[in-house]
Every structure is written in structure tokens, then in C-alpha cells.
$ cat target_29.txt   # compact mmCIF, C-alpha atoms
# COMPACT_ATOMS: atom_id res chain seq x y z
CA MET G 22 -4.09 9.24 17.42
CA ASP G 23 -2.22 11.04 20.17
CA ASP G 24 -1.70 9.34 23.55
CA ASP G 25 -2.86 12.53 25.27
CA TYR G 26 -6.28 12.13 23.64
CA THR G 27 -6.95 8.69 25.07
CA SER G 28 -7.88 7.45 28.53
CA THR G 29 -7.59 3.70 28.02
CA LYS G 30 -5.33 2.14 30.61
CA THR G 31 -2.60 -0.38 29.90
CA PRO G 32 -4.02 -3.92 30.23
CA LEU G 33 -3.09 -6.18 33.10
CA ASN G 34 -0.76 -9.08 32.48
CA ILE G 35 -3.42 -11.69 33.19
CA ASP G 36 -5.09 -14.53 31.36
CA ASP G 37 -8.74 -13.62 30.72
CA GLU G 38 -9.78 -17.23 31.15
CA THR G 39 -8.64 -17.27 34.78
CA CYS G 40 -10.07 -13.86 35.66
CA THR G 41 -12.10 -13.71 38.89
CA PRO G 42 -14.72 -11.19 40.09
CA LEU G 43 -12.15 -9.78 42.51
CA PRO G 44 -9.54 -7.30 41.18
CA PRO G 45 -6.78 -9.63 40.03
CA GLU G 46 -3.11 -9.12 40.71
CA SER G 47 -1.07 -8.57 37.59
CA PRO G 48 2.06 -10.76 37.54
CA PRO G 49 5.33 -9.27 36.23
CA LEU G 50 6.07 -9.41 32.51
CA THR G 51 8.70 -12.06 33.23
CA CYS G 52 5.72 -14.40 33.71
CA PRO G 53 4.28 -14.41 30.18
CA THR G 54 0.56 -14.58 29.54
CA PRO G 55 -1.40 -14.01 26.32
CA MET G 56 -1.69 -10.34 27.36
CA THR G 57 2.08 -9.80 27.69
CA PHE G 58 2.39 -9.20 23.96
CA VAL G 59 -0.43 -6.63 24.08
CA ILE G 60 1.34 -4.73 26.87
CA LEU G 61 4.68 -4.75 25.08
CA ARG G 62 3.04 -3.81 21.79
CA HIS G 63 1.36 -0.88 23.57
CA GLN G 64 4.76 0.31 24.83
CA LEU G 65 6.20 0.04 21.33
CA ALA G 66 3.22 1.92 19.89
CA LYS G 67 4.08 4.93 22.04
CA ILE G 68 7.54 5.06 20.46
CA ILE G 69 6.01 4.61 17.01
CA GLY G 70 3.74 7.58 17.72
CA ARG G 71 6.76 9.78 18.45
CA ILE G 72 8.44 8.56 15.26
CA VAL G 73 5.34 9.44 13.26
CA HIS G 74 5.30 12.88 14.87
CA HIS G 75 8.95 13.40 13.87
CA PHE G 76 8.22 12.79 10.21
CA GLN G 77 4.80 14.43 9.98
CA GLN G 78 5.19 17.65 11.95
CA VAL G 79 5.12 20.71 9.67
CA ARG G 80 5.26 23.65 12.05
CA GLU G 81 8.82 23.04 13.20
CA ARG G 82 11.84 21.69 11.39
CA SER G 83 12.81 18.18 12.44
CA SER G 84 16.36 17.55 13.54
CA TYR G 85 18.47 14.46 12.92
CA SER G 86 19.29 14.51 16.62
CA GLU G 87 15.66 13.50 17.14
CA VAL G 88 16.24 10.42 15.00
CA VAL G 89 19.22 9.50 17.16
CA ALA G 90 17.17 10.01 20.32
CA LEU G 91 14.31 7.89 18.94
CA ASP G 92 16.76 5.16 17.99
CA ASP G 93 18.19 5.22 21.52
CA GLU G 94 14.64 4.89 22.82
CA LEU G 95 13.99 1.87 20.59
CA LEU G 96 17.25 0.23 21.68
CA LYS G 97 16.44 0.85 25.34
CA PHE G 98 13.03 -0.75 24.79
CA VAL G 99 14.75 -3.81 23.33
CA THR G 100 17.10 -4.12 26.31
CA ARG G 101 14.11 -4.09 28.69
CA LEU G 102 12.12 -6.81 26.96
CA PRO G 103 11.24 -9.75 29.22
CA PRO G 104 13.52 -12.78 28.77
CA HIS G 105 10.95 -14.77 26.77
CA PHE G 106 10.56 -11.90 24.27
CA ALA G 107 14.17 -10.79 23.98
CA LEU G 108 16.34 -10.80 20.86
CA ASN G 109 18.19 -13.76 22.37
CA PRO G 110 15.20 -15.28 24.15
CA ASP G 111 14.64 -17.77 26.90
CA LYS G 112 12.75 -20.55 25.09
CA SER G 113 12.08 -22.74 28.11
CA LEU G 114 8.31 -22.07 28.00
CA ASP G 115 7.87 -22.26 24.22
CA GLU G 116 6.60 -25.83 24.23
CA LYS G 117 4.24 -25.33 27.15
CA SER G 118 2.85 -21.97 25.98
CA LYS G 119 2.54 -22.10 22.19
CA PHE G 120 1.60 -18.44 21.96
CA ILE G 121 5.01 -17.24 23.17
CA PRO G 122 7.10 -17.95 20.03
CA VAL G 123 4.38 -16.47 17.82
CA HIS G 124 4.04 -13.32 19.91
CA ARG G 125 7.82 -12.98 20.15
CA PHE G 126 8.14 -13.24 16.37
CA LEU G 127 5.48 -10.58 15.81
CA LEU G 128 7.03 -8.20 18.33
CA ILE G 129 10.68 -8.54 17.27
CA THR G 130 10.00 -8.30 13.54
CA GLU G 131 7.88 -5.19 14.13
CA ILE G 132 10.65 -3.57 16.18
CA LEU G 133 13.13 -4.24 13.38
CA PHE G 134 10.71 -2.97 10.74
CA VAL G 135 10.11 0.21 12.73
CA ARG G 136 13.85 0.78 13.20
CA ILE G 137 14.55 0.40 9.49
CA SER G 138 11.63 2.72 8.72
CA LEU G 139 13.05 5.33 11.12
CA HIS G 140 16.47 5.31 9.47
CA ARG G 141 15.63 4.51 5.85
CA PRO G 142 15.02 8.19 4.91
CA TYR G 143 18.69 8.86 5.78
CA ILE G 144 20.39 5.74 4.44
CA LEU G 145 21.57 7.31 1.16
CA ARG G 146 22.19 10.85 2.34
CA ARG G 147 25.74 12.18 2.09
CA LEU G 148 27.37 8.85 1.33
CA SER G 149 30.73 10.59 1.01
CA SER G 150 30.79 11.29 4.77
CA ASP G 151 29.75 9.65 8.00
CA ARG G 152 27.12 12.31 8.76
CA TYR G 153 24.31 9.75 8.55
CA ALA G 154 26.43 6.66 9.09
CA ARG G 155 24.41 5.66 12.14
CA SER G 156 21.31 5.32 9.99
CA ARG G 157 23.13 3.11 7.50
CA VAL G 158 24.46 0.88 10.28
CA ALA G 159 20.99 0.69 11.87
CA CYS G 160 19.31 -0.32 8.60
CA PHE G 161 21.90 -2.91 7.67
CA GLU G 162 22.16 -4.65 11.04
CA SER G 163 18.37 -4.61 11.50
CA ALA G 164 17.93 -6.26 8.10
CA ILE G 165 20.36 -9.01 9.05
CA LYS G 166 18.65 -9.60 12.38
CA ASP G 167 15.20 -9.61 10.79
CA PHE G 168 16.30 -12.32 8.37
CA GLU G 169 17.78 -14.40 11.20
CA VAL G 170 14.60 -14.15 13.26
CA ARG G 171 12.44 -15.16 10.29
CA GLN G 172 14.69 -18.09 9.45
CA ARG G 173 14.54 -19.44 12.98
CA PHE G 174 10.77 -19.03 13.01
CA ARG G 175 10.44 -20.95 9.73
CA GLU G 176 12.47 -23.81 11.19
CA VAL G 177 10.10 -24.44 14.09
CA MET G 178 6.68 -23.32 12.88
CA PRO G 179 4.33 -25.23 10.57
CA ARG G 180 3.62 -23.73 7.18
CA GLU G 181 0.00 -22.90 8.06
CA THR G 182 1.10 -20.76 11.01
CA ARG G 183 3.77 -18.97 8.98
CA GLU G 184 1.35 -18.14 6.17
CA SER G 185 -1.25 -16.80 8.60
CA LEU G 186 1.36 -14.38 9.95
CA SER G 187 2.66 -13.27 6.56
CA ASN G 188 3.79 -9.64 6.35
CA ALA G 189 5.40 -9.59 2.92
CA TYR G 190 5.93 -5.84 2.80
CA ARG G 191 8.31 -6.13 5.76
CA GLU G 192 10.26 -8.93 4.13
CA PHE G 193 10.58 -6.85 0.98
CA GLN G 194 11.98 -3.92 2.96
CA THR G 195 14.63 -6.18 4.49
CA ALA G 196 15.57 -7.55 1.06
CA MET G 197 15.63 -4.05 -0.46
CA ILE G 198 17.98 -2.78 2.27
CA SER G 199 20.23 -5.80 1.66
CA GLY G 200 20.34 -5.05 -2.05
CA ILE G 201 21.28 -1.42 -1.35
CA TYR G 202 24.08 -2.62 0.94
CA LEU G 203 25.50 -4.83 -1.81
CA VAL G 204 25.42 -1.97 -4.30
CA LEU G 205 27.35 0.15 -1.78
CA GLU G 206 29.63 -2.57 -0.42
CA PRO G 207 29.71 -5.65 -2.69
CA ARG G 208 32.71 -6.92 -0.72
CA GLY G 209 31.75 -5.56 2.68
CA GLN G 210 32.03 -7.55 5.89
CA ASP G 211 28.30 -8.34 5.78
CA ALA G 212 28.13 -9.09 2.06
CA ALA G 213 27.64 -12.84 2.55
CA ALA G 214 24.73 -12.29 4.95
CA MET G 215 23.14 -9.77 2.59
CA ARG G 216 23.42 -12.15 -0.37
CA ALA G 217 21.75 -14.85 1.72
CA ILE G 218 18.84 -12.46 2.37
CA LEU G 219 18.40 -11.75 -1.34
CA ASP G 220 18.70 -15.43 -2.23
CA GLY G 221 16.17 -16.35 0.45
CA PHE G 222 13.65 -13.76 -0.73
CA ILE G 223 13.93 -14.88 -4.34
CA LYS G 224 13.76 -18.57 -3.44
CA GLU G 225 10.68 -17.98 -1.30
CA HIS G 226 8.82 -16.41 -4.24
CA ASN G 227 10.11 -18.41 -7.19
CA GLY G 228 7.70 -21.05 -8.37
CA VAL G 229 4.64 -19.33 -6.94
CA ARG G 230 1.92 -19.82 -9.52
CA GLU G 231 -0.43 -17.05 -8.49
CA MET G 232 1.29 -13.80 -7.63
CA ASP G 233 -0.35 -10.40 -7.27
CA GLU G 234 1.05 -7.42 -9.14
CA THR G 235 2.68 -5.82 -6.11
CA THR G 236 4.49 -9.01 -5.11
CA ARG G 237 5.63 -9.59 -8.69
CA ARG G 238 7.10 -6.09 -8.88
CA GLU G 239 8.84 -6.54 -5.53
CA LEU G 240 10.35 -9.84 -6.66
CA LYS G 241 11.63 -8.33 -9.90
CA THR G 242 13.05 -5.38 -7.99
CA ILE G 243 15.05 -7.67 -5.70
CA GLU G 244 16.26 -9.70 -8.68
CA PHE G 245 17.37 -6.45 -10.30
CA LEU G 246 19.31 -5.37 -7.20
CA GLN G 247 20.92 -8.79 -6.96
CA THR G 248 22.08 -8.66 -10.58
CA LYS G 249 23.18 -5.05 -10.33
CA ALA G 250 25.22 -5.76 -7.19
CA SER G 251 27.03 -8.56 -9.02
CA HIS G 252 27.84 -6.16 -11.86
CA VAL G 253 29.14 -3.56 -9.41
CA GLU G 254 31.41 -6.13 -7.81
CA LEU G 255 32.80 -7.17 -11.20
CA GLN G 256 33.40 -3.55 -12.16
CA ARG G 257 35.39 -2.92 -9.00
CA GLN G 258 37.56 -5.93 -9.67
CA ALA G 259 38.71 -4.37 -12.95
CA PRO G 260 41.54 -1.80 -12.88
CA SER G 261 40.37 1.79 -13.02
CA ASP G 262 41.09 3.69 -16.22
CA ASN G 263 41.13 6.92 -14.25
CA VAL G 264 44.22 5.90 -12.29
CA SER G 265 46.18 5.01 -15.42
CA SER G 266 45.30 8.35 -17.00
CA SER G 267 46.38 10.44 -14.00
CA ASN G 268 49.19 12.84 -14.68
CA SER G 269 52.45 12.97 -12.76
CA GLU G 270 51.35 15.84 -10.56
CA GLN G 271 48.22 14.01 -9.37
CA LYS G 272 50.23 10.88 -8.61
CA ALA G 273 52.79 12.87 -6.64
CA GLN G 274 50.03 14.56 -4.63
CA LEU G 275 48.38 11.23 -3.85
CA LEU G 276 51.71 9.72 -2.80
CA ALA G 277 52.39 12.68 -0.52
CA GLU G 278 48.99 12.29 1.15
CA LEU G 279 49.48 8.57 1.69
CA GLN G 280 52.83 9.20 3.37
CA GLN G 281 51.38 11.61 5.90
CA PRO G 282 51.21 10.37 9.51
CA ALA G 283 48.14 8.36 10.46
CA THR G 284 47.36 10.93 13.18
CA THR G 285 45.68 13.10 10.54
CA SER G 286 42.92 10.52 10.16
CA SER G 287 39.71 10.84 12.08
CA PRO G 288 38.82 7.73 14.10
CA PRO G 289 35.78 5.72 13.10
CA ARG G 290 32.61 6.90 14.81
CA PRO G 291 31.10 4.33 17.20
CA PHE G 292 27.37 3.65 17.34
CA PRO G 293 25.35 1.47 19.73
CA SER G 294 24.60 -1.82 18.02
CA LEU G 295 21.39 -3.78 18.12
CA LEU G 296 23.42 -6.98 17.87
CA THR G 297 25.50 -6.37 21.01
CA LEU G 298 23.09 -4.56 23.32
CA SER G 299 23.80 -4.44 27.01
CA ALA G 300 21.01 -5.78 29.19
CA LEU G 301 21.04 -2.51 31.11
CA ASP G 302 21.72 0.41 28.81
CA PRO G 303 22.38 0.72 25.06
CA SER G 304 25.10 3.26 25.80
CA HIS G 305 27.08 0.52 27.55
CA SER G 306 26.98 -1.77 24.54
CA PRO G 307 30.12 -2.54 22.53
CA PRO G 308 30.05 0.02 19.73
CA THR G 309 29.78 -0.66 16.05
CA HIS G 310 32.55 1.15 14.19
CA TYR G 311 31.55 2.49 10.83
CA SER G 312 33.92 3.45 8.08
CA ALA G 313 32.81 5.01 4.83
CA SER G 314 32.04 2.75 1.89
CA GLY G 315 35.01 0.85 0.55
CA HIS G 316 34.85 2.46 -2.89
CA ILE G 317 35.30 5.95 -1.43
CA ASN G 318 38.77 7.47 -1.36
CA GLN G 319 40.27 7.04 2.13
CA SER G 320 43.17 9.51 1.80
CA PRO G 321 43.94 11.88 4.70
CA THR G 322 42.45 14.72 2.64
CA PHE G 323 39.12 12.92 2.44
CA GLN G 324 39.25 12.01 6.11
CA ARG G 325 39.79 15.67 7.02
CA LEU G 326 36.58 16.39 5.14
CA GLN G 327 34.91 13.71 7.23
CA GLN G 328 36.15 15.42 10.38
CA THR G 329 34.63 18.68 9.18
CA SER G 330 31.34 16.89 8.62
CA SER G 331 31.47 15.45 12.15
CA GLU G 332 32.07 18.91 13.61
CA TYR G 333 29.09 20.24 11.63
CA ALA G 334 26.91 17.52 13.13
CA GLN G 335 27.65 18.90 16.61
CA SER G 336 27.41 22.54 15.62
CA PRO G 337 24.53 24.52 17.18
CA THR G 338 24.08 26.33 13.88
CA GLY G 339 23.32 23.13 12.02
CA SER G 340 19.85 21.77 12.59
CA GLY G 341 20.93 18.27 11.68
CA SER G 342 17.82 17.76 9.60
CA PRO G 343 18.10 16.90 5.92
CA ASN G 344 17.57 20.08 3.96
CA THR G 345 17.68 20.78 0.26
CA GLU G 346 21.46 21.11 0.25
CA GLU G 347 21.88 17.71 1.88
CA GLU G 348 19.38 15.93 -0.36
CA SER G 349 20.81 13.31 -2.66
CA ALA G 350 19.15 12.23 -5.87
CA ALA G 351 19.44 8.59 -4.79
CA GLN G 352 17.67 9.28 -1.48
CA GLN G 353 14.94 11.25 -3.24
CA LEU G 354 14.30 8.36 -5.60
CA LEU G 355 14.24 5.84 -2.75
CA ASP G 356 11.88 8.01 -0.71
CA HIS G 357 9.54 8.43 -3.65
CA TRP G 358 9.48 4.68 -4.24
CA CYS G 359 8.77 3.83 -0.60
CA ASN G 360 6.26 6.62 0.03
CA THR G 361 4.40 6.69 -3.29
CA VAL G 362 5.23 3.94 -5.72
CA SER G 363 5.35 0.90 -3.44
CA ASN G 364 2.11 2.07 -1.76
CA ALA G 365 0.33 2.98 -4.98
CA PRO G 366 -3.14 1.51 -5.68
CA LEU G 367 -3.09 -1.76 -7.54
CA GLY G 368 -4.76 -0.16 -10.55
CA ALA G 369 -1.98 2.39 -10.82
CA THR G 370 0.78 -0.18 -10.59
CA ALA G 371 -0.84 -2.53 -13.09
CA SER G 372 -1.29 0.18 -15.68
CA GLY G 373 2.29 1.44 -15.38
CA LEU G 374 2.91 4.40 -13.08
CA LEU G 375 4.40 7.60 -14.49
CA TRP G 376 7.44 8.38 -12.39
CA GLY G 377 7.21 12.12 -12.95
CA GLY G 378 4.10 12.31 -10.77
CA PRO G 379 3.81 13.27 -7.10
CA GLY G 380 7.21 13.75 -5.53
CA GLY G 381 8.86 14.96 -8.69
CA ALA G 382 11.19 11.96 -8.91
CA ASP G 383 11.49 11.89 -12.65
CA PRO G 384 14.63 9.90 -13.55
CA SER G 385 14.85 11.34 -17.05
CA GLY G 386 18.17 13.08 -17.42
CA TRP G 387 19.80 10.70 -14.93
CA VAL G 388 19.42 7.64 -17.13
CA GLY G 389 19.88 8.37 -20.81
CA PRO G 390 18.45 6.11 -23.52
CA ASN G 391 21.92 5.02 -24.52
CA GLN G 392 22.51 3.69 -21.02
CA ILE G 393 19.30 1.70 -21.03
CA ALA G 394 19.39 0.12 -24.48
CA GLY G 395 21.43 -3.04 -24.69
CA ASN G 396 21.85 -3.48 -20.94
CA ASP G 397 21.46 -7.12 -19.96
CA LEU G 398 19.78 -6.16 -16.69
CA ARG G 399 16.54 -5.82 -18.65
CA LEU G 400 16.47 -9.61 -18.54
CA THR G 401 15.35 -9.36 -14.90
CA GLY G 402 11.82 -8.87 -16.21
CA LEU G 403 11.04 -5.48 -14.66
CA ASP G 404 8.60 -3.29 -16.53
CA ASP G 405 10.25 -0.40 -18.36
CA SER G 406 9.08 2.14 -15.76
CA ASP G 407 10.35 0.08 -12.81
CA TRP G 408 13.54 -0.83 -14.60
CA ASN G 409 14.36 2.79 -15.46
CA TYR G 410 13.55 3.89 -11.93
CA TRP G 411 15.85 1.45 -10.14
CA GLU G 412 18.57 1.88 -12.78
CA ALA G 413 18.45 5.62 -12.07
CA LEU G 414 18.60 5.02 -8.32
CA VAL G 415 21.60 2.68 -8.53
CA ASN G 416 23.40 5.01 -10.92
CA GLN G 417 22.94 7.88 -8.49
CA ILE G 418 24.39 5.78 -5.66
CA GLN G 419 27.46 5.04 -7.76
CA ARG G 420 27.92 8.70 -8.68
CA THR G 421 27.91 9.86 -5.06
$ encode --input "target_29.txt" --output "C-alpha cells"
Amino acid sequence: MDDDYTSTKTPLNIDDETCTPLPPESPPLTCPTPMTFVILRHQLAKIIGRIVHHFQQVRERSSYSEVVALDDELLKFVTRLPPHFALNPDKSLDEKSKFIPVHRFLLITEILFVRISLHRPYILRRLSSDRYARSRVACFESAIKDFEVRQRFREVMPRETRESLSNAYREFQTAMISGIYLVLEPRGQDAAAMRAILDGFIKEHNGVREMDETTRRELKTIEFLQTKASHVELQRQAPSDNVSSSNSEQKAQLLAELQQPATTSSPPRPFPSLLTLSALDPSHSPPTHYSASGHINQSPTFQRLQQTSSEYAQSPTGSGSPNTEEESAAQQLLDHWCNTVSNAPLGATASGLLWGGPGGADPSGWVGPNQIAGNDLRLTGLDDSDWNYWEALVNQIQRT
């Protein structure tokens, strides 16, 4: 539904129970009423509509610059939230007006879900450069904040209220993003927070007697990512055989690069952070500095390649949109899972979905039978199709 096709006006910030025959005056949003959430949700829906248009338009090629602009718009919306609905809220009216903490929870978690959904199609693109680093930062910090908001809500709300507001698919997305982070950065600065998210998701679902097929598959997927991340961390602790087998010429070249002045390095690219937003303008917020994943070579040669990538991002000849050349197998697999597999009808998931279907994300050839047989990760309990799929996805991340 396009906003231009509707004539409904934004509701007034009034309590229907106190409405009078005379045209009422609408108080500012800093004075919360039960309608405040509806007004804010309507404002957010306009941004969501533009995000949907970005991904669904077929006549013109979408540009990554549009994603950046939409993210700026989301961040600006967050900075303008009334105090009682902010990321760091004023809770002085929570006891008097019981609807405020519930409405705040619904609004903030939806904002974070929308932001992850905006950036998730770019999270695994070109991992060897910082071309889409902003999307990775946005997904990771939004996942952390979503978990924090949910934890605080669980601490103050009775179980009946929490269960009535359950949106499990959003919690799964947060846990999935956390698992991807740990596969990329098992020792990253946010690794402890990401492990807590995975542990919390698994703890929340363990012991549940009756579990539908979709939830069971999501749980097993998160358990798989948790186990796989632990294996990745152990592998990186071991010395690399490739280094020991390098010949003298390669070692000399590497030593020469390391001895070059630091001025050849490109500085980390700053991005506005959801966690340190200015109350006035996201562009005034302390930036988040992103560096490429820790397992990627950080020699001056590699950093010069990064600089080239940064220049391409600003080039008028580059559309900035992900085209075939920029596609990564890992991103294709993740997109197929999120767009097709995780939303498949229950009958299809229960009978075992064939991964070579719509989307063409057939992992055969990426995961050979010798890699699958005898791998202890099968103990996670995933069905063969799911197990093969996520094994292929993780392997592609590690090959990037």
C-alpha cells in the first residue's frame, strides 16, 4: 500500500475515553497517551514503505546509497522519539501508565528488526573489504541492543504479558545475526555479548515440551551456529600450516610490507552508531570505527585494496548496488534461507525442503560428502537438508 493512495489522517494524541464532542486539542508526544504508540508506529511505517520499495522495485536498479540514506532516516527517527519511548527511556510514568513499557518494547524491537532487515542482504557481501561494512556494523549492534531491550522487558513484565507479545521470528533473527558474528569474529570485541544472545535463545527454548516444526528448526540452527563458532575459534588458536610452508621469497615480501610506514594504511571508516546517537542528529554521533574481520590479512597491500574499494564506493560509475560480480555464495545462501526457506509453508518444512528449488541455492559442490561424513556437528540434531545448508553457508564465509 502506497501512502499516496491513502487519505487517512494521522491520529490525534488523545485518549479516546476522555474524548468530548468538541474538537479536542492534541497534546505533544512528550505527554504519552495510548495513541502515542499508534502515531509513532505510523511514522515508522512510512520508512518501512520506502524500504520495501527499495527492495521490490524492478524498473530501476537499486543503489546501496539508498540503503545508507534509509538507515540515516531510521536513525533520525530514533533520535526524535519522545523521552518515554527512547532507546534510553524516561521511565517515570511506567508505573502510572502500564501501557507505556509495553508500547515502548513493541516500538523499539520493531525498529531494530527493521534495521537488521534493511542491512541483512548486505552483511556477507565482500567480506574482504569494507564496502558493506556499515551494514555489518548495523546488524551486529542492532542485535545486541535488541537482546538488551528484551532482557530488560523480561525482568519487569509478568510471564503472561511477555507470552502475549511473543514475536519469535524476530528473536531468531537476532540470534542468527549473533551466530554469524561469532563465525566471522570469534574473538571480536562483541563476542561475549553475542555468546550471551545465543545462550539466551537456547536456554529460552530448551525444555519446551511442545515445539512446532519451525521453532524446532530455528533452535537447531542456532545450536549449530554456536557449535560451529566454537570450532572456528579453536581452529584459529592453532598455528597455520600455510605460514610454515611459505617459501623464503614469500616471507621476505611479507616482512617488507610489514616494515612499510603506517601512512600507507587507510583509516577505519566511521559510521553513525545506534548505541551512541546524538539527541539532535545522527551525523553528530560518535562514530563506530569498523575494521575488517580479524582473520583477514591486514598488511599494507591488503589495506591499499581496501582504499580502492572505498574509492569505488564513491565513484559515479559504480551504482553501489549488489550486482552479479559482487554476489557472494554465502550471501546468496543466507538470502535464500531468509526469503524462502525460513518462510516456507509448514508442510514443506516438515517434509524436508529441497534446497535446489526457487533461488537456485543448491549447496552441492560447496559441501562435499567427505566434508559432511564424520563431522561431530551433526550431533546438533539438524535434519540433513538443514545441516548441509548451514554447513555450506559457514564454509563459504570462511573461504571469503
$ atom_distance --input "target_29.txt" --atom1 "atom CA of G:Gly200" --atom2 "atom CA of G:Leu246"
5.3 Å
$ residues_around --input "target_29.txt" --residues "G:Ile137" --least-positions-apart "2" --cutoff "7 Å" --atoms "only C-alpha atoms" --output "ChimeraX atom specification"
/G:133-135,139-141,159-160,163
$ closest_residue --input "target_29.txt" --among "G:Lys166, G:Arg175, G:Arg237, G:His252" --to "G:Leu203" --atoms "all atoms listed in the file"
G:His252
$ closest_residue --input "target_29.txt" --among "G:Leu205, G:Val123, G:Leu186, G:Ile243" --to "G:Ile223" --atoms "only C-alpha atoms"
G:Ile243
$ residues_around --input "target_29.txt" --residues "G:Leu33" --least-positions-apart "2" --cutoff "8 Å" --atoms "all atoms listed in the file" --output "MDAnalysis selection string"
chainID G and resid 31 35 47 56 60
$ atom_distance --input "target_29.txt" --atom1 "atom CA of G:Leu50" --atom2 "atom CA of G:Gln172"
26.1 Å
$ closest_residue --input "target_29.txt" --among "G:Ile129, G:Thr248, G:Glu81, G:Leu295" --to "G:Glu94" --atoms "only C-alpha atoms"
G:Leu295
$ residues_around --input "target_29.txt" --residues "G:Val89" --least-positions-apart "2" --cutoff "12 Å" --atoms "all atoms listed in the file" --output "PDB file with C-alpha atoms, in the frame of the given file"
ATOM      1  CA  ILE G  72       8.440   8.560  15.260  1.00  0.00           C
ATOM      2  CA  HIS G  75       8.950  13.400  13.870  1.00  0.00           C
ATOM      3  CA  SER G  83      12.810  18.180  12.440  1.00  0.00           C
ATOM      4  CA  SER G  84      16.360  17.550  13.540  1.00  0.00           C
ATOM      5  CA  TYR G  85      18.470  14.460  12.920  1.00  0.00           C
ATOM      6  CA  SER G  86      19.290  14.510  16.620  1.00  0.00           C
ATOM      7  CA  GLU G  87      15.660  13.500  17.140  1.00  0.00           C
ATOM      8  CA  LEU G  91      14.310   7.890  18.940  1.00  0.00           C
ATOM      9  CA  ASP G  92      16.760   5.160  17.990  1.00  0.00           C
ATOM     10  CA  ASP G  93      18.190   5.220  21.520  1.00  0.00           C
ATOM     11  CA  GLU G  94      14.640   4.890  22.820  1.00  0.00           C
ATOM     12  CA  LEU G  95      13.990   1.870  20.590  1.00  0.00           C
ATOM     13  CA  LEU G  96      17.250   0.230  21.680  1.00  0.00           C
ATOM     14  CA  ARG G 136      13.850   0.780  13.200  1.00  0.00           C
ATOM     15  CA  LEU G 139      13.050   5.330  11.120  1.00  0.00           C
ATOM     16  CA  HIS G 140      16.470   5.310   9.470  1.00  0.00           C
ATOM     17  CA  TYR G 143      18.690   8.860   5.780  1.00  0.00           C
ATOM     18  CA  ARG G 152      27.120  12.310   8.760  1.00  0.00           C
ATOM     19  CA  TYR G 153      24.310   9.750   8.550  1.00  0.00           C
ATOM     20  CA  ALA G 154      26.430   6.660   9.090  1.00  0.00           C
ATOM     21  CA  ARG G 155      24.410   5.660  12.140  1.00  0.00           C
ATOM     22  CA  SER G 156      21.310   5.320   9.990  1.00  0.00           C
ATOM     23  CA  ALA G 159      20.990   0.690  11.870  1.00  0.00           C
ATOM     24  CA  PHE G 292      27.370   3.650  17.340  1.00  0.00           C
ATOM     25  CA  PRO G 293      25.350   1.470  19.730  1.00  0.00           C
ATOM     26  CA  ALA G 334      26.910  17.520  13.130  1.00  0.00           C
ATOM     27  CA  GLY G 341      20.930  18.270  11.680  1.00  0.00           C
ATOM     28  CA  SER G 342      17.820  17.760   9.600  1.00  0.00           C
TER      29      SER G 342
END
$ closest_residue --input "target_29.txt" --among "G:Arg180, G:His74, G:Arg257, G:His105" --to "G:Pro122" --atoms "all atoms listed in the file"
G:His105
$ atom_distance --input "target_29.txt" --atom1 "atom CA of G:Ser149" --atom2 "atom CA of G:Lys241"
29.0 Å
$ closest_residue --input "target_29.txt" --among "G:Thr51, G:Glu162, G:Phe168, G:Ile68" --to "G:Arg101" --atoms "only C-alpha atoms"
G:Thr51
$ residues_near_point --input "target_29.txt" --point "(8.3, -4.9, 4.4)" --cutoff "10 Å" --atoms "only C-alpha atoms" --output "number ranges by chain"
G: 130-131, 134-135, 137-138, 188-197
$ closest_residue --input "target_29.txt" --among "G:Phe161, G:Trp411, G:Gln77, G:Leu296" --to "G:Glu244" --atoms "only C-alpha atoms"
G:Trp411
$ closest_atom_pairs --input "target_29.txt" --of "stretch 120-206 of chain G" --to "stretch 349-355 of chain G" --cutoff "9 Å" --atoms "only C-alpha atoms" --output "tab-separated table"
residue	atom	partner	partner_atom	distance
G:Arg141	CA	G:Leu355	CA	8.8
G:Pro142	CA	G:Gln352	CA	7.0
G:Tyr143	CA	G:Gln352	CA	7.3
G:Ile144	CA	G:Gln352	CA	7.4
G:Leu145	CA	G:Gln352	CA	5.1
G:Arg146	CA	G:Ser349	CA	5.7
G:Arg147	CA	G:Ser349	CA	6.9
G:Leu148	CA	G:Ser349	CA	8.9
